[in-house]
Structure formats: C-alpha cells, structure tokens
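Everything on this sheet refers to the single structure shown next.
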Amino acid sequence: MLLSPTPPVHAPKDPAADPPTAGRARELAGRVAWPSTAERDAGRRWDEDLFTELTRAPRGPGLTGPLIPVELGGDGLSASEAFALLEGCAEGSRDPGLTLAVVTHAVLAVVPLRAFGTPEQRERYLPRMASGEWPGALSLTQTQGAARTPAVRARPGGPGRPGWVLSGELGLVAGGPRAHHFLVVAAHEDGGRTAFVVDRSTPGLRLREERPAAMRTCAWSRLVMDDCPVPKDAVLGTPGGAPGEVEPLLAALDWVFCGAPWLGVMRALVRDAIRTAGERDVFGSPLTHSQTSRFALADLATRCELAEGLLRRAAARFDAGGRPSLPEAAAARLFVTSAARDAAVTAARLAGPLTARGDRLIERTHRDALFFSATGGGPEVLQPVVAAHLLALGQG
C-alpha cells in the first residue's frame with residue numbers, strides 16, 4: 001500500500017521572477033487538483049467537476065480565457081502572464097495532463113481564433129470560450145506545420161451546397177470528449193491547406209475513444225469526419241492560407257506554451273529531490289553530504305533555470321510584436337523536452353527507493369516526458385528547423 005503523499009511545499013520565490021498569476025494558480029491547483037492527481041492518473045480519469053472548479057475560481061484570472069481580450073469576456077493577460085499562470089497550475093497540481101487540457105483550450109484553440117477569426121467568429125466563440133461554456137479542442141498532430149500532411153481533406157461543396165466538405169480522421173485530440181468545437185487544418189486536391197472551426201454538432205462528425213499511454217489525466221479522443229458539410233464562414237483565415245497563417249502560429253504556440261506545464265513539473269521535481277536527498281542516509285551521513293549528489297542537484301536546478309529562460313523569453317515575444325521565430329520556439333522545445341527527461345532520471349537517482357512512494361511524480365514524469373518529446377514533431381521536426389536557421393536555408 002502506498003504511503004499517503006505529503007502536501008507539496010512551495011518555496012518562496014523572488015516576486016520579480018514569480019508573477020502573481022503563477023502564485024495564485026499554484027496555490028489553487030495545489031489545493032483543488034493535487035490531492036487527486038495520483039488517483040486520477042492511475043484510473044485514466046478526466047474529472048470535469050474538478051476542471052470546472054479549477055477554471056472558474058472567483059479570485060484572480062481564470063484558466064479558460066487568460067488570452068481573450070477583456071471586451072470579449074476574457075482576462076486580457078499578456079502572453080508572459082498567461083505562461084506563468086499555466087506554469088503555476090502544473091507546479092501546484094503536479095499534473096501535466098490536466099494542464100495540457102487547459103493549454104489546449106486557453107491557448108491553442110483561442111489564439112488562432114483571436115488572430116485570424118473574422119469579427120463575427122470572434123464575437124461568437126471567444127466570449128463563450130472565456131466563460132468555459134464552449135471548450136475548444138484540436139489534434140496535437142496538427143501543430144507541426146508543413147512537416148506533416150493534413151489527415152483531413154477538404155473539397156468544395158458543389159452546386160447547391162455552398163461551403164466545404166471535410167473527410168478524414170485526427171488522433172490525439174486533446175480535450176476532444178468535452179469540446180464544443182474543433183480547430184481543423186484540411187488539405188485540398190491542389191496541395192493547398194485551409195483551417196476551419198468545426199462545431200461538434202456538424203453532421204458526419206463523431207468522436208471515438210482514444211487512450212494514450214501517457215498524459216492520462218487529459219481528456220482524449222479521435223475525431224472522425226465523414227463528408228462533414230461546413231459553411232463558408234467556418235474558414236479560419238484565408239482559404240488556402242493555413243501554411244502561412246494558422247499553421248506557423250500553432251507550431252509556435254505548441255512549442256512554447258505546452259512547455260509551461262513541464263517547467264512547473266520540473267520545479268516540483270527540484271523541491272522533491274532536495275527533500276528526499278536530505279532524508280536518505282549513505283554510510284551514516286545524509287545523501288546531501290555527497291559531492292556527487294550535490295552536483296546532481298546543481299545540474300537539476302540549472303537545467304530548470306535554463307528551461308525557464310528559454311521559454312519565458314519565447315513567450316515574451318508574443319507580447320513584443322506577434323510571435324517568436326519558429327527556430328527560437330523550436331530550440332526552446334528541444335531543450336525543455338531533454339531537460340524534463342533528464343530531470344526525472346536525476347530525481348529518481350537521488351530519491352532511490354523513495355521513487356515509488358508519495359504521489360509517484362517521478363514515475364509519472366518519466367513516462368509523460370517521453371510523450372511530450374514525441375509531440376510537437378520531436379527532434380525529427382525541431383532540429384531541422386533550428387539547423388535551417390543557422391545555415392540560412394530560408395526556413396523559420
């Protein structure tokens with residue numbers, strides 16, 4: 001029988017380095033979500049009531065509309081503030097799966113609508129997304145830009161059928177079972193690609209269960225579209241313009257903001273590693289007296305700080321004129337995926353037999369970090385983006 005986990009202890013931080021949004025989210029998630037994290041993970045369980053409590057807290061910015069303008073019902077936070085909010089949520093909940101569901105709705109589904117939606121689309125969707133009434137979702141296979149051919153095909157509706165007809169399947173739809181609408185990128189016969197906002201009520205659209213081996217506390221599904229008719233006003237951005245509009249933005253958002261939960265988890269691992277290393281004795285002395293262990297702790301903390309610097313700098317680019325360059329976002333994602341895996345291994349080595357106690361954060365991190373590394377394209381997509389920029393090959 002597992003030992004009862006001890007409540008997470010949040011060490012005080014420099015206020016300048018810890019925005020108020022992060023502190024509030026960390027406290028709320030630690031109080032509301034963390035007590036059930038291990039149980040929900042073991043049972044592969046999505047808890048809608050918990051999510052509602054977490055996202056509709058009466059004090060401070062909510063987690064459903066941080067990047068939606070105030071005039072449309074959101075909190076109107078900067079990208080840097082929203083990033084800190086997501087980081088704090090993951091650190092407090094110790095649950096990257098739950099926080100991924102928040103990121104998918106609050107960032108990946110919201111920002112393309114805010115950036116490329118028509119005034120009518122923005123007024124229809126964003127206020128209800130800000131309130132949490134209309135959750136948005138999308139497939140994580142669609143955040144790799146030109147590296148992946150869309151699995152959904154689009155064709156004109158034909159005579160008497162204005163609009164478009166969409167067919168295909170998308171896996172790894174984060175937030176799918178609870179979504180009101182989906183962001184879908186579809187390919188045309190001529191090779192062009194268009195982004196659409198497709199309501200769940202669309203005829204021919206159905207969801208199938210999907211159960212990835214990792215990130216078990218997120219709500220997952222597979223989206224199946226059988227000749228789904230969508231109106232002309234479902235197009236997001238310019239018809240045929242997704243490669244230069246929605247897709248690069250989605251890639252940058254994924255590579256940066258999906259790293260926020262992992263920065264929070266890495267901070268939790270650092271705290272746990274310090275505590276557990278101090279509890280272990282080797283040859284009659286605390287493990288922290290060992291030079292090797294001290295170096296391991298220093299390396300763990302350093303990787304965490306470097307990850308924070310890369311991610312927060314990239315997030316700040318959204319506030320300074322649009323979005324970070326894709327090479328910058330790809331470099332941040334590459335480092336963070338490696339740092340998260342290494343953090344789990346180092347923490348396990350320092351914890352020793354204690355790894356299997358408490359809320360099993362180390363085990364869950366090791367498993368989920370492999371999944372995180374593969375999404376967003378993995379090194380096969382990220383390294384060429386960075387290399388092409390260095391060699392001035394015209395990418396990014």
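Chain identifiers are assigned as A, B, and so on, following the order in which chains appear in the structure tokens; residues are numbered from 1 within each chain, and ligands are numbered from 1 in order of appearance.
Non-sequential neighbours of Pro112 (chain A) (distance at most 10 Å, separation of 2 or more positions within a chain, only C-alpha atoms) are Val107, Leu108, Ala109, Val110, Arg114, Ala115, Phe116, Gly117, Leu183, Ala195, Leu236, Gly237, Glu245, Val246, Glu247, Leu249, Leu250 and Leu253 of chain A.
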Would you export the selected residues with N, CA and C atoms as an mmCIF file, in the first residue's frame, please?
```cif
data_model
loop_
_atom_site.group_PDB
_atom_site.id
_atom_site.type_symbol
_atom_site.label_atom_id
_atom_site.label_comp_id
_atom_site.auth_asym_id
_atom_site.auth_seq_id
_atom_site.Cartn_x
_atom_site.Cartn_y
_atom_site.Cartn_z
ATOM 1 N N VAL A 107 -5.087 28.336 -25.008
ATOM 2 C CA VAL A 107 -4.047 28.887 -25.884
ATOM 3 C C VAL A 107 -4.198 28.376 -27.320
ATOM 4 N N LEU A 108 -4.078 27.070 -27.515
ATOM 5 C CA LEU A 108 -4.028 26.530 -28.876
ATOM 6 C C LEU A 108 -5.337 26.749 -29.643
ATOM 7 N N ALA A 109 -6.467 26.650 -28.945
ATOM 8 C CA ALA A 109 -7.757 26.845 -29.619
ATOM 9 C C ALA A 109 -8.180 28.311 -29.656
ATOM 10 N N VAL A 110 -7.693 29.115 -28.707
ATOM 11 C CA VAL A 110 -8.125 30.512 -28.608
ATOM 12 C C VAL A 110 -7.327 31.436 -29.505
ATOM 13 N N ARG A 114 -8.422 34.339 -32.214
ATOM 14 C CA ARG A 114 -8.205 35.759 -31.921
ATOM 15 C C ARG A 114 -7.411 36.434 -33.031
ATOM 16 N N ALA A 115 -6.431 35.697 -33.596
ATOM 17 C CA ALA A 115 -5.539 36.283 -34.586
ATOM 18 C C ALA A 115 -6.136 36.330 -35.986
ATOM 19 N N PHE A 116 -6.854 35.277 -36.380
ATOM 20 C CA PHE A 116 -7.308 35.166 -37.766
ATOM 21 C C PHE A 116 -8.824 35.084 -37.927
ATOM 22 N N GLY A 117 -9.555 35.069 -36.823
ATOM 23 C CA GLY A 117 -11.005 34.986 -36.927
ATOM 24 C C GLY A 117 -11.622 36.270 -37.449
ATOM 25 N N LEU A 183 -10.554 22.957 -33.968
ATOM 26 C CA LEU A 183 -9.768 23.626 -34.993
ATOM 27 C C LEU A 183 -9.175 22.527 -35.874
ATOM 28 N N ALA A 195 -7.615 26.252 -42.777
ATOM 29 C CA ALA A 195 -8.022 25.995 -41.394
ATOM 30 C C ALA A 195 -9.519 26.264 -41.245
ATOM 31 N N LEU A 236 -11.152 29.623 -41.135
ATOM 32 C CA LEU A 236 -10.377 30.473 -40.229
ATOM 33 C C LEU A 236 -9.189 31.031 -40.991
ATOM 34 N N GLY A 237 -9.204 32.320 -41.207
ATOM 35 C CA GLY A 237 -8.160 32.935 -42.010
ATOM 36 C C GLY A 237 -8.518 32.905 -43.482
ATOM 37 N N GLU A 245 -0.431 31.163 -42.220
ATOM 38 C CA GLU A 245 -1.184 31.838 -41.171
ATOM 39 C C GLU A 245 -1.325 30.959 -39.930
ATOM 40 N N VAL A 246 -2.313 30.076 -39.931
ATOM 41 C CA VAL A 246 -2.641 29.313 -38.732
ATOM 42 C C VAL A 246 -1.547 28.312 -38.362
ATOM 43 N N GLU A 247 -0.995 27.612 -39.339
ATOM 44 C CA GLU A 247 -0.048 26.535 -39.014
ATOM 45 C C GLU A 247 1.234 27.030 -38.343
ATOM 46 N N LEU A 249 1.598 29.700 -36.569
ATOM 47 C CA LEU A 249 1.206 30.182 -35.251
ATOM 48 C C LEU A 249 0.961 29.017 -34.303
ATOM 49 N N LEU A 250 0.268 27.984 -34.781
ATOM 50 C CA LEU A 250 0.018 26.808 -33.945
ATOM 51 C C LEU A 250 1.323 26.151 -33.506
ATOM 52 N N LEU A 253 2.928 28.310 -30.815
ATOM 53 C CA LEU A 253 2.163 28.221 -29.571
ATOM 54 C C LEU A 253 2.417 26.892 -28.870
#
```
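DSSP secondary structure from the backbone places A:Gly136, A:Ala137, A:Leu138, A:Ser139 of region 49-151 of chain A in strand (DSSP E).
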Find the residues near Cys218 (chain A): any atom within 10 Å, counting only C-alpha atoms, skip ones fewer than 3 places away on the same chain, and give them as a PyMOL selection string.
chain A and resi 40-41+44-47+95-102+173-177+211-212+214-215+221
Which of region 117-243 of chain A fall in helix (DSSP H, G or I), as a PyMOL selection string
chain A and resi 119-131+140-142+145-147+176-178+232-234+242-243
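Counting only C-alpha atoms, the residue from A:Phe182, A:Asp226, A:Ser131, A:Gly62 that sits nearest to Arg153 (chain A) is A:Asp226.
Of note, CA of Ala79 (chain A) and CA of Ala316 (chain A) are spaced 6.3 Å apart.
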Rank nothing, just name the residue among A:Asp299, A:Gly376, A:Ala252, A:Pro20 nearest to Glu328 (chain A), using only C-alpha atoms.
A:Ala252
Find the residues of region 303-387 of chain A that sit at most 8 Å from region 256-268 of chain A; for each, write down the nearest two atoms and how far apart they are in Å, to one decimal. Count only C-alpha atoms. Sort by chain, then by number going up, and give it as a Markdown table.
```
| residue | atom | partner | partner_atom | distance |
| --- | --- | --- | --- | --- |
| A:Cys304 | CA | A:Met266 | CA | 6.3 |
| A:Ala307 | CA | A:Leu263 | CA | 7.0 |
| A:Glu308 | CA | A:Leu263 | CA | 6.6 |
| A:Leu311 | CA | A:Val256 | CA | 6.0 |
| A:Ala314 | CA | A:Val256 | CA | 6.6 |
| A:Ala315 | CA | A:Val256 | CA | 6.5 |
| A:Ala329 | CA | A:Val256 | CA | 5.9 |
| A:Ala332 | CA | A:Val256 | CA | 7.0 |
| A:Arg333 | CA | A:Val256 | CA | 6.6 |
| A:Val336 | CA | A:Gly259 | CA | 6.8 |
| A:Ala340 | CA | A:Met266 | CA | 6.5 |
| A:Ala343 | CA | A:Met266 | CA | 6.6 |
| A:Thr365 | CA | A:Val265 | CA | 7.8 |
```
Mind writing the picked residues with all heavy atoms as a PDB file, in the first residue's frame?
```pdb
ATOM      1  N   CYS A 304      16.605  23.499 -14.949  1.00  0.00           N
ATOM      2  CA  CYS A 304      15.302  24.123 -14.726  1.00  0.00           C
ATOM      3  C   CYS A 304      15.369  25.622 -15.022  1.00  0.00           C
ATOM      4  O   CYS A 304      14.485  26.181 -15.682  1.00  0.00           O
ATOM      5  CB  CYS A 304      14.855  23.864 -13.294  1.00  0.00           C
ATOM      6  SG  CYS A 304      13.174  24.413 -12.935  1.00  0.00           S
ATOM      7  N   ALA A 307      15.732  26.217 -18.795  1.00  0.00           N
ATOM      8  CA  ALA A 307      14.450  25.991 -19.460  1.00  0.00           C
ATOM      9  C   ALA A 307      13.526  27.183 -19.254  1.00  0.00           C
ATOM     10  O   ALA A 307      12.842  27.633 -20.184  1.00  0.00           O
ATOM     11  CB  ALA A 307      13.805  24.711 -18.935  1.00  0.00           C
ATOM     12  N   GLU A 308      13.503  27.700 -18.028  1.00  0.00           N
ATOM     13  CA  GLU A 308      12.656  28.862 -17.749  1.00  0.00           C
ATOM     14  C   GLU A 308      13.071  30.053 -18.607  1.00  0.00           C
ATOM     15  O   GLU A 308      12.217  30.748 -19.176  1.00  0.00           O
ATOM     16  CB  GLU A 308      12.740  29.241 -16.272  1.00  0.00           C
ATOM     17  CG  GLU A 308      11.931  30.477 -15.942  1.00  0.00           C
ATOM     18  CD  GLU A 308      12.004  30.864 -14.474  1.00  0.00           C
ATOM     19  OE1 GLU A 308      12.921  30.395 -13.775  1.00  0.00           O
ATOM     20  OE2 GLU A 308      11.131  31.633 -14.041  1.00  0.00           O
ATOM     21  N   LEU A 311      11.990  29.480 -22.342  1.00  0.00           N
ATOM     22  CA  LEU A 311      10.540  29.504 -22.534  1.00  0.00           C
ATOM     23  C   LEU A 311       9.952  30.889 -22.284  1.00  0.00           C
ATOM     24  O   LEU A 311       9.117  31.368 -23.062  1.00  0.00           O
ATOM     25  CB  LEU A 311       9.874  28.479 -21.613  1.00  0.00           C
ATOM     26  CG  LEU A 311      10.038  27.013 -22.013  1.00  0.00           C
ATOM     27  CD1 LEU A 311       9.563  26.100 -20.893  1.00  0.00           C
ATOM     28  CD2 LEU A 311       9.271  26.715 -23.300  1.00  0.00           C
ATOM     29  N   ALA A 314      10.757  33.238 -25.095  1.00  0.00           N
ATOM     30  CA  ALA A 314       9.931  32.966 -26.272  1.00  0.00           C
ATOM     31  C   ALA A 314       8.493  33.431 -26.051  1.00  0.00           C
ATOM     32  O   ALA A 314       7.867  33.991 -26.963  1.00  0.00           O
ATOM     33  CB  ALA A 314       9.963  31.475 -26.596  1.00  0.00           C
ATOM     34  N   ALA A 315       7.949  33.219 -24.845  1.00  0.00           N
ATOM     35  CA  ALA A 315       6.592  33.677 -24.560  1.00  0.00           C
ATOM     36  C   ALA A 315       6.499  35.195 -24.651  1.00  0.00           C
ATOM     37  O   ALA A 315       5.499  35.740 -25.149  1.00  0.00           O
ATOM     38  CB  ALA A 315       6.156  33.193 -23.178  1.00  0.00           C
ATOM     39  N   ALA A 329      11.416  29.147 -31.049  1.00  0.00           N
ATOM     40  CA  ALA A 329      10.453  28.297 -30.363  1.00  0.00           C
ATOM     41  C   ALA A 329      10.880  26.837 -30.412  1.00  0.00           C
ATOM     42  O   ALA A 329      10.747  26.095 -29.430  1.00  0.00           O
ATOM     43  CB  ALA A 329       9.071  28.460 -30.996  1.00  0.00           C
ATOM     44  N   ALA A 332      13.693  26.183 -27.914  1.00  0.00           N
ATOM     45  CA  ALA A 332      13.170  26.093 -26.554  1.00  0.00           C
ATOM     46  C   ALA A 332      12.521  24.737 -26.311  1.00  0.00           C
ATOM     47  O   ALA A 332      12.747  24.094 -25.283  1.00  0.00           O
ATOM     48  CB  ALA A 332      12.163  27.216 -26.308  1.00  0.00           C
ATOM     49  N   ARG A 333      11.734  24.271 -27.280  1.00  0.00           N
ATOM     50  CA  ARG A 333      11.067  22.978 -27.121  1.00  0.00           C
ATOM     51  C   ARG A 333      12.097  21.834 -27.049  1.00  0.00           C
ATOM     52  O   ARG A 333      11.960  20.922 -26.225  1.00  0.00           O
ATOM     53  CB  ARG A 333      10.110  22.756 -28.287  1.00  0.00           C
ATOM     54  CG  ARG A 333       9.370  21.414 -28.294  1.00  0.00           C
ATOM     55  CD  ARG A 333       8.474  21.256 -27.056  1.00  0.00           C
ATOM     56  NE  ARG A 333       7.541  20.168 -27.233  1.00  0.00           N
ATOM     57  CZ  ARG A 333       6.247  20.314 -27.507  1.00  0.00           C
ATOM     58  NH1 ARG A 333       5.733  21.529 -27.604  1.00  0.00           N
ATOM     59  NH2 ARG A 333       5.471  19.282 -27.669  1.00  0.00           N
ATOM     60  N   VAL A 336      13.731  21.883 -23.550  1.00  0.00           N
ATOM     61  CA  VAL A 336      12.825  21.547 -22.455  1.00  0.00           C
ATOM     62  C   VAL A 336      12.482  20.063 -22.463  1.00  0.00           C
ATOM     63  O   VAL A 336      12.394  19.431 -21.403  1.00  0.00           O
ATOM     64  CB  VAL A 336      11.554  22.411 -22.513  1.00  0.00           C
ATOM     65  CG1 VAL A 336      10.537  21.967 -21.481  1.00  0.00           C
ATOM     66  CG2 VAL A 336      11.913  23.881 -22.293  1.00  0.00           C
ATOM     67  N   ALA A 340      13.347  17.833 -19.251  1.00  0.00           N
ATOM     68  CA  ALA A 340      12.309  17.141 -18.486  1.00  0.00           C
ATOM     69  C   ALA A 340      12.659  15.671 -18.297  1.00  0.00           C
ATOM     70  O   ALA A 340      12.487  15.107 -17.204  1.00  0.00           O
ATOM     71  CB  ALA A 340      10.963  17.286 -19.189  1.00  0.00           C
ATOM     72  N   ALA A 343      15.541  15.475 -15.870  1.00  0.00           N
ATOM     73  CA  ALA A 343      15.115  15.808 -14.511  1.00  0.00           C
ATOM     74  C   ALA A 343      14.496  14.599 -13.824  1.00  0.00           C
ATOM     75  O   ALA A 343      14.740  14.335 -12.639  1.00  0.00           O
ATOM     76  CB  ALA A 343      14.120  16.967 -14.541  1.00  0.00           C
ATOM     77  N   THR A 365       6.384  11.530 -14.371  1.00  0.00           N
ATOM     78  CA  THR A 365       7.151  12.461 -15.192  1.00  0.00           C
ATOM     79  C   THR A 365       7.984  11.723 -16.224  1.00  0.00           C
ATOM     80  O   THR A 365       8.053  12.120 -17.389  1.00  0.00           O
ATOM     81  CB  THR A 365       8.058  13.336 -14.305  1.00  0.00           C
ATOM     82  OG1 THR A 365       7.258  14.075 -13.390  1.00  0.00           O
ATOM     83  CG2 THR A 365       8.871  14.297 -15.146  1.00  0.00           C
TER      84      THR A 365
END
```
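Compared by their closest atoms to Ala25 (chain A), and using only C-alpha atoms, the residues A:Leu310, A:Ala84, A:Val70, A:Ala179 rank with A:Ala84 nearest.
Residues with any atom within 8 Å of Leu269 (chain A), counting only C-alpha atoms and excluding same-chain neighbours fewer than 4 positions away, are Val265, Ala273, Ala343, Ala344, Ala347, Leu361 and Ile362 of chain A.
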Okay, now the selection with N, CA and C atoms, as a compact mmCIF listing (two decimals), in the first residue's frame?
```txt
# COMPACT_ATOMS: atom_id res chain seq x y z
N VAL A 265 6.39 21.27 -13.56
CA VAL A 265 6.69 19.94 -13.04
C VAL A 265 8.16 19.83 -12.67
N ALA A 273 13.46 16.52 -4.95
CA ALA A 273 14.80 15.94 -4.92
C ALA A 273 15.60 16.46 -3.74
N ALA A 343 15.54 15.47 -15.87
CA ALA A 343 15.12 15.81 -14.51
C ALA A 343 14.50 14.60 -13.82
N ALA A 344 13.69 13.84 -14.56
CA ALA A 344 13.07 12.64 -13.98
C ALA A 344 14.12 11.61 -13.60
N ALA A 347 16.16 12.95 -10.54
CA ALA A 347 15.34 12.89 -9.34
C ALA A 347 15.17 11.46 -8.85
N LEU A 361 5.36 11.17 -8.51
CA LEU A 361 5.60 12.20 -9.52
C LEU A 361 6.76 11.82 -10.43
N ILE A 362 7.81 11.22 -9.88
CA ILE A 362 8.97 10.87 -10.70
C ILE A 362 8.58 9.86 -11.76
```
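Minimum atom-to-atom distance to Val235 (chain A), evaluated using only C-alpha atoms, belongs to A:Gln121 out of A:Thr149, A:Thr37, A:Thr202, A:Gln121.
The shortest atom-to-atom distance to Asp49 (chain A), with only C-alpha atoms taken into account, belongs to A:Arg178 out of A:Arg303, A:His105, A:Arg178, A:Arg26.
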As a PyMOL selection string, please: the residues near Ala82 (chain A) (cut-off 10 Å, only C-alpha atoms, same-chain neighbours under 2 positions excluded).
chain A and resi 19+21-22+61-63+65-67+75-80+84-88+103+106-107+257+260+315
Exercise: Pro231 (chain A) partners within 8 Å, only C-alpha atoms, chain neighbours under 3 positions left out, as an MDAnalysis selection string:
chainID A and resid 162:164 234:235
Do you know which residues are at most 10 Å from region 280-286 of chain A counting only C-alpha atoms, after dropping those on the same chain fewer than 6 positions away, and could you put them as a list in words?
Leu350, Ala351, Gly352, Pro353 and Leu354 of chain A
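Between CA of Leu28 (chain A) and CA of Thr302 (chain A) there is a distance of 26.9 Å.
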For the atom pair CA of Ala151 (chain A) and CA of Trp255 (chain A), what is the interatomic distance in Å to one decimal place?
20.8 Å
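Of the listed residues A:Pro229, A:Gly158, A:Glu169, A:His181, the one whose atoms come nearest to Met129 (chain A) is A:His181, with distances taken using only C-alpha atoms.
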